[in-house]
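**Q** Here you go, this is target38.pdb (PDB, C-alpha atoms).
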```
ATOM      1  CA  LEU A   1     185.219 134.457 -38.113  1.00  0.00           C
ATOM      2  CA  VAL A   2     188.762 133.341 -38.943  1.00  0.00           C
ATOM      3  CA  GLY A   3     189.660 133.313 -42.629  1.00  0.00           C
ATOM      4  CA  SER A   4     191.410 130.457 -44.371  1.00  0.00           C
ATOM      5  CA  ASP A   5     194.637 132.512 -44.148  1.00  0.00           C
ATOM      6  CA  GLY A   6     194.388 132.648 -40.329  1.00  0.00           C
ATOM      7  CA  THR A   7     193.360 136.297 -40.043  1.00  0.00           C
ATOM      8  CA  VAL A   8     190.303 137.368 -38.113  1.00  0.00           C
ATOM      9  CA  ARG A   9     187.675 138.655 -40.523  1.00  0.00           C
ATOM     10  CA  LEU A  10     184.855 139.457 -38.090  1.00  0.00           C
ATOM     11  CA  ALA A  11     184.527 139.576 -34.302  1.00  0.00           C
ATOM     12  CA  ASN A  12     181.764 140.933 -32.101  1.00  0.00           C
ATOM     13  CA  ASP A  13     182.302 143.126 -29.041  1.00  0.00           C
ATOM     14  CA  ARG A  14     181.632 140.249 -26.643  1.00  0.00           C
ATOM     15  CA  CYS A  15     184.456 138.242 -28.244  1.00  0.00           C
ATOM     16  CA  ARG A  16     186.776 141.223 -27.944  1.00  0.00           C
ATOM     17  CA  ARG A  17     185.924 141.590 -24.238  1.00  0.00           C
ATOM     18  CA  LEU A  18     186.305 137.851 -23.529  1.00  0.00           C
ATOM     19  CA  LEU A  19     189.738 137.851 -25.132  1.00  0.00           C
ATOM     20  CA  GLY A  20     190.683 141.031 -23.252  1.00  0.00           C
ATOM     21  CA  LEU A  21     191.338 143.064 -26.384  1.00  0.00           C
ATOM     22  CA  ASP A  22     191.164 146.871 -26.445  1.00  0.00           C
ATOM     23  CA  GLN A  23     190.267 147.113 -30.112  1.00  0.00           C
ATOM     24  CA  SER A  24     188.686 145.010 -32.841  1.00  0.00           C
ATOM     25  CA  PRO A  25     190.815 141.997 -33.752  1.00  0.00           C
ATOM     26  CA  ALA A  26     189.674 142.126 -37.405  1.00  0.00           C
ATOM     27  CA  GLY A  27     192.610 141.952 -39.809  1.00  0.00           C
ATOM     28  CA  ARG A  28     195.028 140.490 -37.244  1.00  0.00           C
ATOM     29  CA  HIS A  29     196.344 136.935 -37.332  1.00  0.00           C
ATOM     30  CA  VAL A  30     194.583 134.654 -34.843  1.00  0.00           C
ATOM     31  CA  GLU A  31     197.906 133.488 -33.365  1.00  0.00           C
ATOM     32  CA  ASP A  32     198.715 137.100 -32.444  1.00  0.00           C
ATOM     33  CA  LEU A  33     195.478 137.329 -30.448  1.00  0.00           C
ATOM     34  CA  ILE A  34     195.009 133.963 -28.792  1.00  0.00           C
ATOM     35  CA  THR A  35     197.580 132.341 -26.524  1.00  0.00           C
ATOM     36  CA  LYS A  36     195.597 129.232 -25.568  1.00  0.00           C
ATOM     37  CA  ALA A  37     197.158 126.266 -27.372  1.00  0.00           C
ATOM     38  CA  GLU A  38     193.944 124.214 -27.105  1.00  0.00           C
ATOM     39  CA  LEU A  39     191.922 126.863 -28.933  1.00  0.00           C
ATOM     40  CA  LEU A  40     194.612 127.463 -31.552  1.00  0.00           C
ATOM     41  CA  GLU A  41     194.739 123.711 -32.261  1.00  0.00           C
ATOM     42  CA  GLU A  42     190.945 123.593 -32.455  1.00  0.00           C
ATOM     43  CA  ILE A  43     190.975 126.439 -35.014  1.00  0.00           C
ATOM     44  CA  ALA A  44     193.813 124.791 -36.981  1.00  0.00           C
ATOM     45  CA  SER A  45     191.840 121.518 -37.129  1.00  0.00           C
ATOM     46  CA  ALA A  46     188.722 123.358 -38.277  1.00  0.00           C
ATOM     47  CA  ARG A  47     190.764 125.064 -41.022  1.00  0.00           C
ATOM     48  CA  ARG A  48     191.557 121.514 -42.213  1.00  0.00           C
ATOM     49  CA  GLY A  49     187.813 120.744 -42.176  1.00  0.00           C
ATOM     50  CA  ILE A  50     187.549 119.036 -38.761  1.00  0.00           C
ATOM     51  CA  GLY A  51     185.357 120.941 -36.309  1.00  0.00           C
ATOM     52  CA  GLY A  52     185.803 120.669 -32.581  1.00  0.00           C
ATOM     53  CA  ARG A  53     184.781 121.759 -29.117  1.00  0.00           C
ATOM     54  CA  SER A  54     186.753 122.431 -25.966  1.00  0.00           C
ATOM     55  CA  GLN A  55     186.744 124.288 -22.694  1.00  0.00           C
ATOM     56  CA  ILE A  56     189.432 126.831 -21.894  1.00  0.00           C
ATOM     57  CA  ARG A  57     190.344 128.971 -18.909  1.00  0.00           C
ATOM     58  CA  LEU A  58     190.972 132.651 -19.628  1.00  0.00           C
ATOM     59  CA  PRO A  59     192.728 134.625 -16.880  1.00  0.00           C
ATOM     60  CA  ARG A  60     191.258 138.100 -16.411  1.00  0.00           C
ATOM     61  CA  PRO A  61     191.947 140.795 -13.806  1.00  0.00           C
ATOM     62  CA  GLU A  62     188.529 140.043 -12.251  1.00  0.00           C
ATOM     63  CA  GLY A  63     189.259 136.304 -12.125  1.00  0.00           C
ATOM     64  CA  VAL A  64     189.532 133.275 -14.368  1.00  0.00           C
ATOM     65  CA  LEU A  65     186.773 132.810 -16.937  1.00  0.00           C
ATOM     66  CA  ILE A  66     185.824 129.323 -18.040  1.00  0.00           C
ATOM     67  CA  CYS A  67     184.758 129.379 -21.679  1.00  0.00           C
ATOM     68  CA  ALA A  68     183.220 126.746 -23.938  1.00  0.00           C
ATOM     69  CA  THR A  69     184.598 127.019 -27.452  1.00  0.00           C
ATOM     70  CA  THR A  70     183.443 125.630 -30.775  1.00  0.00           C
ATOM     71  CA  ALA A  71     185.310 125.836 -34.080  1.00  0.00           C
ATOM     72  CA  THR A  72     183.154 125.088 -37.109  1.00  0.00           C
ATOM     73  CA  PRO A  73     184.711 124.847 -40.577  1.00  0.00           C
ATOM     74  CA  ILE A  74     183.001 126.827 -43.330  1.00  0.00           C
ATOM     75  CA  PRO A  75     183.953 125.332 -46.709  1.00  0.00           C
ATOM     76  CA  THR A  76     185.376 127.845 -49.162  1.00  0.00           C
ATOM     77  CA  GLY A  77     186.181 125.507 -52.058  1.00  0.00           C
ATOM     78  CA  GLU A  78     189.850 125.748 -51.091  1.00  0.00           C
ATOM     79  CA  PRO A  79     191.856 123.079 -49.248  1.00  0.00           C
ATOM     80  CA  VAL A  80     191.733 125.305 -46.154  1.00  0.00           C
ATOM     81  CA  ALA A  81     188.380 126.438 -44.736  1.00  0.00           C
ATOM     82  CA  ASP A  82     187.240 129.583 -42.999  1.00  0.00           C
ATOM     83  CA  VAL A  83     186.347 128.921 -39.368  1.00  0.00           C
ATOM     84  CA  LEU A  84     183.466 130.187 -37.303  1.00  0.00           C
ATOM     85  CA  VAL A  85     184.705 130.308 -33.706  1.00  0.00           C
ATOM     86  CA  SER A  86     182.256 130.566 -30.846  1.00  0.00           C
ATOM     87  CA  ILE A  87     183.524 131.446 -27.372  1.00  0.00           C
ATOM     88  CA  ARG A  88     180.930 131.365 -24.603  1.00  0.00           C
ATOM     89  CA  ASP A  89     181.513 132.296 -20.953  1.00  0.00           C
ATOM     90  CA  VAL A  90     180.297 129.329 -18.886  1.00  0.00           C
ATOM     91  CA  THR A  91     181.983 130.321 -15.625  1.00  0.00           C
ATOM     92  CA  GLU A  92     178.736 130.399 -13.633  1.00  0.00           C
ATOM     93  CA  LEU A  93     177.551 127.096 -15.098  1.00  0.00           C
ATOM     94  CA  ALA A  94     180.911 125.453 -14.354  1.00  0.00           C
ATOM     95  CA  GLY A  95     180.730 126.772 -10.781  1.00  0.00           C
ATOM     96  CA  ALA A  96     177.212 125.377 -10.375  1.00  0.00           C
ATOM     97  CA  MET A  97     178.340 122.005 -11.746  1.00  0.00           C
ATOM     98  CA  GLN A  98     181.254 121.967  -9.279  1.00  0.00           C
ATOM     99  CA  LEU A  99     178.867 122.743  -6.417  1.00  0.00           C
ATOM    100  CA  LYS A 100     176.618 119.888  -7.513  1.00  0.00           C
ATOM    101  CA  THR A 101     179.594 117.511  -7.755  1.00  0.00           C
ATOM    102  CA  ASP A 102     180.764 118.541  -4.282  1.00  0.00           C
ATOM    103  CA  PHE A 103     177.235 118.148  -2.916  1.00  0.00           C
ATOM    104  CA  VAL A 104     176.908 114.617  -4.314  1.00  0.00           C
ATOM    105  CA  ALA A 105     180.296 113.680  -2.848  1.00  0.00           C
ATOM    106  CA  ASN A 106     179.328 115.091   0.565  1.00  0.00           C
ATOM    107  CA  ALA A 107     175.882 113.459   0.497  1.00  0.00           C
ATOM    108  CA  SER A 108     177.474 110.118  -0.426  1.00  0.00           C
ATOM    109  CA  HIS A 109     179.846 110.439   2.525  1.00  0.00           C
ATOM    110  CA  GLU A 110     176.986 111.397   4.851  1.00  0.00           C
ATOM    111  CA  LEU A 111     175.052 108.311   3.709  1.00  0.00           C
ATOM    112  CA  ARG A 112     178.001 105.913   3.901  1.00  0.00           C
ATOM    113  CA  THR A 113     178.978 106.829   7.462  1.00  0.00           C
ATOM    114  CA  PRO A 114     175.738 105.736   9.184  1.00  0.00           C
ATOM    115  CA  ILE A 115     175.373 102.746   6.863  1.00  0.00           C
ATOM    116  CA  SER A 116     178.837 101.540   7.872  1.00  0.00           C
ATOM    117  CA  ALA A 117     178.017 102.068  11.550  1.00  0.00           C
ATOM    118  CA  ILE A 118     174.727 100.155  11.187  1.00  0.00           C
ATOM    119  CA  ARG A 119     176.499  97.303   9.374  1.00  0.00           C
ATOM    120  CA  ALA A 120     179.193  97.088  12.066  1.00  0.00           C
ATOM    121  CA  ALA A 121     176.600  97.230  14.873  1.00  0.00           C
ATOM    122  CA  ALA A 122     174.471  94.529  13.200  1.00  0.00           C
ATOM    123  CA  ASP A 123     177.519  92.259  12.766  1.00  0.00           C
ATOM    124  CA  THR A 124     178.503  92.804  16.398  1.00  0.00           C
ATOM    125  CA  LEU A 125     174.913  92.228  17.512  1.00  0.00           C
ATOM    126  CA  VAL A 126     174.957  88.783  15.913  1.00  0.00           C
ATOM    127  CA  ALA A 127     178.128  87.967  17.842  1.00  0.00           C
ATOM    128  CA  ALA A 128     176.905  89.549  21.128  1.00  0.00           C
ATOM    129  CA  GLY A 129     175.164  86.355  22.164  1.00  0.00           C
ATOM    130  CA  ASP A 130     173.592  86.632  25.624  1.00  0.00           C
ATOM    131  CA  ASP A 131     175.160  89.983  26.593  1.00  0.00           C
ATOM    132  CA  ASP A 132     171.934  91.986  27.032  1.00  0.00           C
ATOM    133  CA  ALA A 133     173.707  95.275  27.867  1.00  0.00           C
ATOM    134  CA  MET A 134     175.801  95.054  24.683  1.00  0.00           C
ATOM    135  CA  ARG A 135     172.725  94.130  22.616  1.00  0.00           C
ATOM    136  CA  GLU A 136     170.755  97.128  23.938  1.00  0.00           C
ATOM    137  CA  ARG A 137     173.650  99.500  23.282  1.00  0.00           C
ATOM    138  CA  LEU A 138     174.022  98.194  19.720  1.00  0.00           C
ATOM    139  CA  ILE A 139     170.265  98.403  19.061  1.00  0.00           C
ATOM    140  CA  GLY A 140     170.302 102.010  20.310  1.00  0.00           C
ATOM    141  CA  MET A 141     173.238 102.777  17.999  1.00  0.00           C
ATOM    142  CA  ILE A 142     171.384 101.265  15.035  1.00  0.00           C
ATOM    143  CA  GLN A 143     168.240 103.254  15.858  1.00  0.00           C
ATOM    144  CA  ASN A 144     170.211 106.522  16.091  1.00  0.00           C
ATOM    145  CA  HIS A 145     171.903 105.963  12.743  1.00  0.00           C
ATOM    146  CA  VAL A 146     168.624 104.957  11.072  1.00  0.00           C
ATOM    147  CA  THR A 147     167.095 108.224  12.359  1.00  0.00           C
ATOM    148  CA  GLN A 148     170.096 110.136  10.964  1.00  0.00           C
ATOM    149  CA  LEU A 149     169.685 108.427   7.571  1.00  0.00           C
ATOM    150  CA  ASP A 150     165.948 109.128   7.555  1.00  0.00           C
ATOM    151  CA  GLU A 151     166.563 112.856   8.192  1.00  0.00           C
ATOM    152  CA  LEU A 152     169.211 113.010   5.475  1.00  0.00           C
ATOM    153  CA  VAL A 153     166.954 111.289   2.924  1.00  0.00           C
ATOM    154  CA  ARG A 154     164.090 113.663   3.833  1.00  0.00           C
ATOM    155  CA  ASP A 155     166.408 116.653   3.319  1.00  0.00           C
ATOM    156  CA  LEU A 156     167.494 115.280  -0.065  1.00  0.00           C
ATOM    157  CA  LEU A 157     163.867 114.751  -1.128  1.00  0.00           C
ATOM    158  CA  ASP A 158     162.968 118.287  -0.008  1.00  0.00           C
ATOM    159  CA  LEU A 159     165.891 119.649  -2.015  1.00  0.00           C
ATOM    160  CA  SER A 160     164.803 117.629  -5.034  1.00  0.00           C
ATOM    161  CA  LYS A 161     161.278 119.051  -4.766  1.00  0.00           C
ATOM    162  CA  LEU A 162     162.661 122.597  -4.583  1.00  0.00           C
ATOM    163  CA  GLU A 163     164.776 122.034  -7.695  1.00  0.00           C
ATOM    164  CA  SER A 164     162.016 120.396  -9.741  1.00  0.00           C
ATOM    165  CA  ASP A 165     160.418 122.385 -12.542  1.00  0.00           C
ATOM    166  CA  ASP A 166     156.975 121.802 -11.017  1.00  0.00           C
ATOM    167  CA  ALA A 167     157.830 123.532  -7.733  1.00  0.00           C
ATOM    168  CA  PRO A 168     156.595 127.121  -7.527  1.00  0.00           C
ATOM    169  CA  SER A 169     159.297 129.764  -7.284  1.00  0.00           C
ATOM    170  CA  LEU A 170     159.449 131.154  -3.774  1.00  0.00           C
ATOM    171  CA  PRO A 171     161.563 134.013  -2.515  1.00  0.00           C
ATOM    172  CA  LEU A 172     164.264 132.708  -0.183  1.00  0.00           C
ATOM    173  CA  ALA A 173     162.680 134.591   2.744  1.00  0.00           C
ATOM    174  CA  GLN A 174     159.545 132.409   2.424  1.00  0.00           C
ATOM    175  CA  LEU A 175     161.431 129.107   2.693  1.00  0.00           C
ATOM    176  CA  GLU A 176     161.317 127.346   6.032  1.00  0.00           C
ATOM    177  CA  PRO A 177     164.475 127.676   8.112  1.00  0.00           C
ATOM    178  CA  GLY A 178     166.610 124.556   7.995  1.00  0.00           C
ATOM    179  CA  LEU A 179     165.824 123.640   4.372  1.00  0.00           C
TER
END
```
What is this structure when it is put down as structure tokens?
**A**
Amino acid sequence: LVGSDGTVRLANDRCRRLLGLDQSPAGRHVEDLITKAELLEEIASARRGIGGRSQIRLPRPEGVLICATTATPIPTGEPVADVLVSIRDVTELAGAMQLKTDFVANASHELRTPISAIRAAADTLVAAGDDDAMRERLIGMIQNHVTQLDELVRDLLDLSKLESDDAPSLPLAQLEPGL
């Protein structure tokens, strides 16, 4: 809790650890404790009565923490409000979201590649005319890429089933190899 004068009134131990402080920050000015401009601006806005949210990166010896922050003004009857600041470590969630983003990008690429090959083979097949050897080679290429797409879609559906809330939780050792 940051007072209307900018000093920290209350802070829990988790906040102290997230900010890398050795002792309680109570009684110290917030600008002496926090170096992240985004968070300081968020707190300053909340002191003027405008709450906000942001995401900041906090370097720590064990690695960078990604934290979601919220600054909520608490009216005091004065022109400047007290501010309730919430700092939550979302490093694992952010990592999971990045993995999901990367997965979607990779899956999109894996889908586009055979689709492009099928499209090119189909266009060439139309132009192949009476060249039976070329037509058979192109049909074989199309069949191979369709099989590849079918396997990829099956894998995606299996993954979706595993992630659904209705799927029973199984220890990893019980999952079939290749899933």
**Q** For the file shown, report as number ranges by chain the outcome of the PyMOL selection byres ((chain A and resi 29) around 9) at residue level.
**A** A: 2, 5-8, 25-28, 30-33
**Q** With all atoms listed in the file as the counted atoms, please give the residues lying no more than 6 Å from segment 51-61 of chain A, apart from itself and same-chain residues fewer than 4 positions off, as a compact mmCIF listing (two decimals) with C-alpha atoms, in the coordinates of the input.
**A**
```txt
# COMPACT_ATOMS: atom_id res chain seq x y z
CA GLU A 42 190.94 123.59 -32.46
CA ALA A 46 188.72 123.36 -38.28
CA LEU A 65 186.77 132.81 -16.94
CA ILE A 66 185.82 129.32 -18.04
CA CYS A 67 184.76 129.38 -21.68
CA ALA A 68 183.22 126.75 -23.94
CA THR A 69 184.60 127.02 -27.45
CA THR A 70 183.44 125.63 -30.78
CA ALA A 71 185.31 125.84 -34.08
CA THR A 72 183.15 125.09 -37.11
CA PRO A 73 184.71 124.85 -40.58
```
**Q** Find the distance between atom CA of Pro75 of chain A and atom CA of Val90 of chain A and write it in Å to one decimal.
**A** 28.3 Å
**Q** Run the PyMOL selection byres ((chain A and resi 79) around 9) on the file and write out the hits as a list of chain:residue names.
**A**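 For this structure, the PyMOL selection byres ((chain A and resi 79) around 9) resolves to A:Ser4, A:Arg47, A:Arg48, A:Gly49, A:Pro75, A:Thr76, A:Gly77, A:Glu78, A:Val80, A:Ala81.
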**Q** Have a look at atom CA of Glu136 of chain A and atom CA of Arg119 of chain A and let me know their distance in Å, one decimal.
**A**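 Interatomic distance here is 15.7 Å.
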**Q** What's the separation between atom CA of Glu110 of chain A and atom CA of Gln148 of chain A, in Å to one decimal place?
**A**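 Answer for the atom CA of Glu110 of chain A to atom CA of Gln148 of chain A separation: 9.3 Å.
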**Q** List as a VMD selection string the residues having at least one atom at most 12 Å from position (169.6, 114.5, -3.2) as given in the file, counting all atoms listed in the file.
**A** chain A and resid 100 to 108 110 to 111 151 to 164
**Q** Could the centre and edge lengths of an axis-aligned box, enclosing all atoms of segment 130-143 of chain A in the file with 4 Å extra on each side, be given in Å to one decimal as AutoDock Vina command-line options?
**A**
```
--center_x 172.0 --center_y 94.9 --center_z 21.5 --size_x 15.6 --size_y 24.6 --size_z 20.8
```
**Q** Could you write segment 113-142 of chain A as a compact mmCIF listing (two decimals), in the frame of the given file, with N, CA and C atoms rebuilt where they are missing?
**A**
```txt
# COMPACT_ATOMS: atom_id res chain seq x y z
N THR A 113 178.55 106.89 6.06
CA THR A 113 178.98 106.83 7.46
C THR A 113 177.96 106.09 8.34
N PRO A 114 176.68 106.50 8.34
CA PRO A 114 175.74 105.74 9.18
C PRO A 114 175.50 104.32 8.68
N ILE A 115 175.56 104.11 7.38
CA ILE A 115 175.37 102.75 6.86
C ILE A 115 176.49 101.84 7.37
N SER A 116 177.71 102.34 7.36
CA SER A 116 178.84 101.54 7.87
C SER A 116 178.68 101.26 9.36
N ALA A 117 178.22 102.26 10.11
CA ALA A 117 178.02 102.07 11.55
C ALA A 117 176.90 101.05 11.81
N ILE A 118 175.84 101.12 11.03
CA ILE A 118 174.73 100.16 11.19
C ILE A 118 175.21 98.74 10.86
N ARG A 119 175.98 98.62 9.76
CA ARG A 119 176.50 97.30 9.37
C ARG A 119 177.39 96.73 10.48
N ALA A 120 178.29 97.56 11.01
CA ALA A 120 179.19 97.09 12.07
C ALA A 120 178.41 96.71 13.32
N ALA A 121 177.41 97.53 13.69
CA ALA A 121 176.60 97.23 14.87
C ALA A 121 175.81 95.95 14.67
N ALA A 122 175.25 95.75 13.47
CA ALA A 122 174.47 94.53 13.20
C ALA A 122 175.37 93.30 13.26
N ASP A 123 176.58 93.39 12.70
CA ASP A 123 177.52 92.26 12.77
C ASP A 123 177.90 91.95 14.21
N THR A 124 178.14 92.99 14.99
CA THR A 124 178.50 92.80 16.40
C THR A 124 177.32 92.26 17.18
N LEU A 125 176.13 92.70 16.83
CA LEU A 125 174.91 92.23 17.51
C LEU A 125 174.74 90.72 17.34
N VAL A 126 175.05 90.23 16.16
CA VAL A 126 174.96 88.78 15.91
C VAL A 126 175.93 88.04 16.82
N ALA A 127 177.10 88.62 17.03
CA ALA A 127 178.13 87.97 17.84
C ALA A 127 177.96 88.23 19.34
N ALA A 128 177.05 89.15 19.72
CA ALA A 128 176.90 89.55 21.13
C ALA A 128 176.36 88.43 22.00
N GLY A 129 175.68 87.49 21.40
CA GLY A 129 175.16 86.36 22.16
C GLY A 129 174.20 86.78 23.25
N ASP A 130 174.49 86.38 24.49
CA ASP A 130 173.59 86.63 25.62
C ASP A 130 173.89 87.91 26.38
N ASP A 131 174.80 88.74 25.91
CA ASP A 131 175.16 89.98 26.59
C ASP A 131 174.09 91.04 26.31
N ASP A 132 173.08 91.09 27.24
CA ASP A 132 171.93 91.99 27.03
C ASP A 132 172.33 93.46 27.01
N ALA A 133 173.28 93.87 27.84
CA ALA A 133 173.71 95.28 27.87
C ALA A 133 174.33 95.67 26.53
N MET A 134 175.17 94.80 25.98
CA MET A 134 175.80 95.05 24.68
C MET A 134 174.74 95.10 23.59
N ARG A 135 173.78 94.18 23.63
CA ARG A 135 172.72 94.13 22.62
C ARG A 135 171.90 95.42 22.65
N GLU A 136 171.56 95.90 23.83
CA GLU A 136 170.76 97.13 23.94
C GLU A 136 171.54 98.33 23.43
N ARG A 137 172.82 98.40 23.76
CA ARG A 137 173.65 99.50 23.28
C ARG A 137 173.75 99.49 21.76
N LEU A 138 173.93 98.31 21.17
CA LEU A 138 174.02 98.19 19.72
C LEU A 138 172.69 98.52 19.03
N ILE A 139 171.59 98.08 19.62
CA ILE A 139 170.26 98.40 19.06
C ILE A 139 170.04 99.91 19.12
N GLY A 140 170.42 100.55 20.20
CA GLY A 140 170.30 102.01 20.31
C GLY A 140 171.14 102.72 19.25
N MET A 141 172.36 102.20 19.02
CA MET A 141 173.24 102.78 18.00
C MET A 141 172.59 102.65 16.62
N ILE A 142 172.04 101.49 16.33
CA ILE A 142 171.38 101.26 15.04
C ILE A 142 170.20 102.22 14.87
```
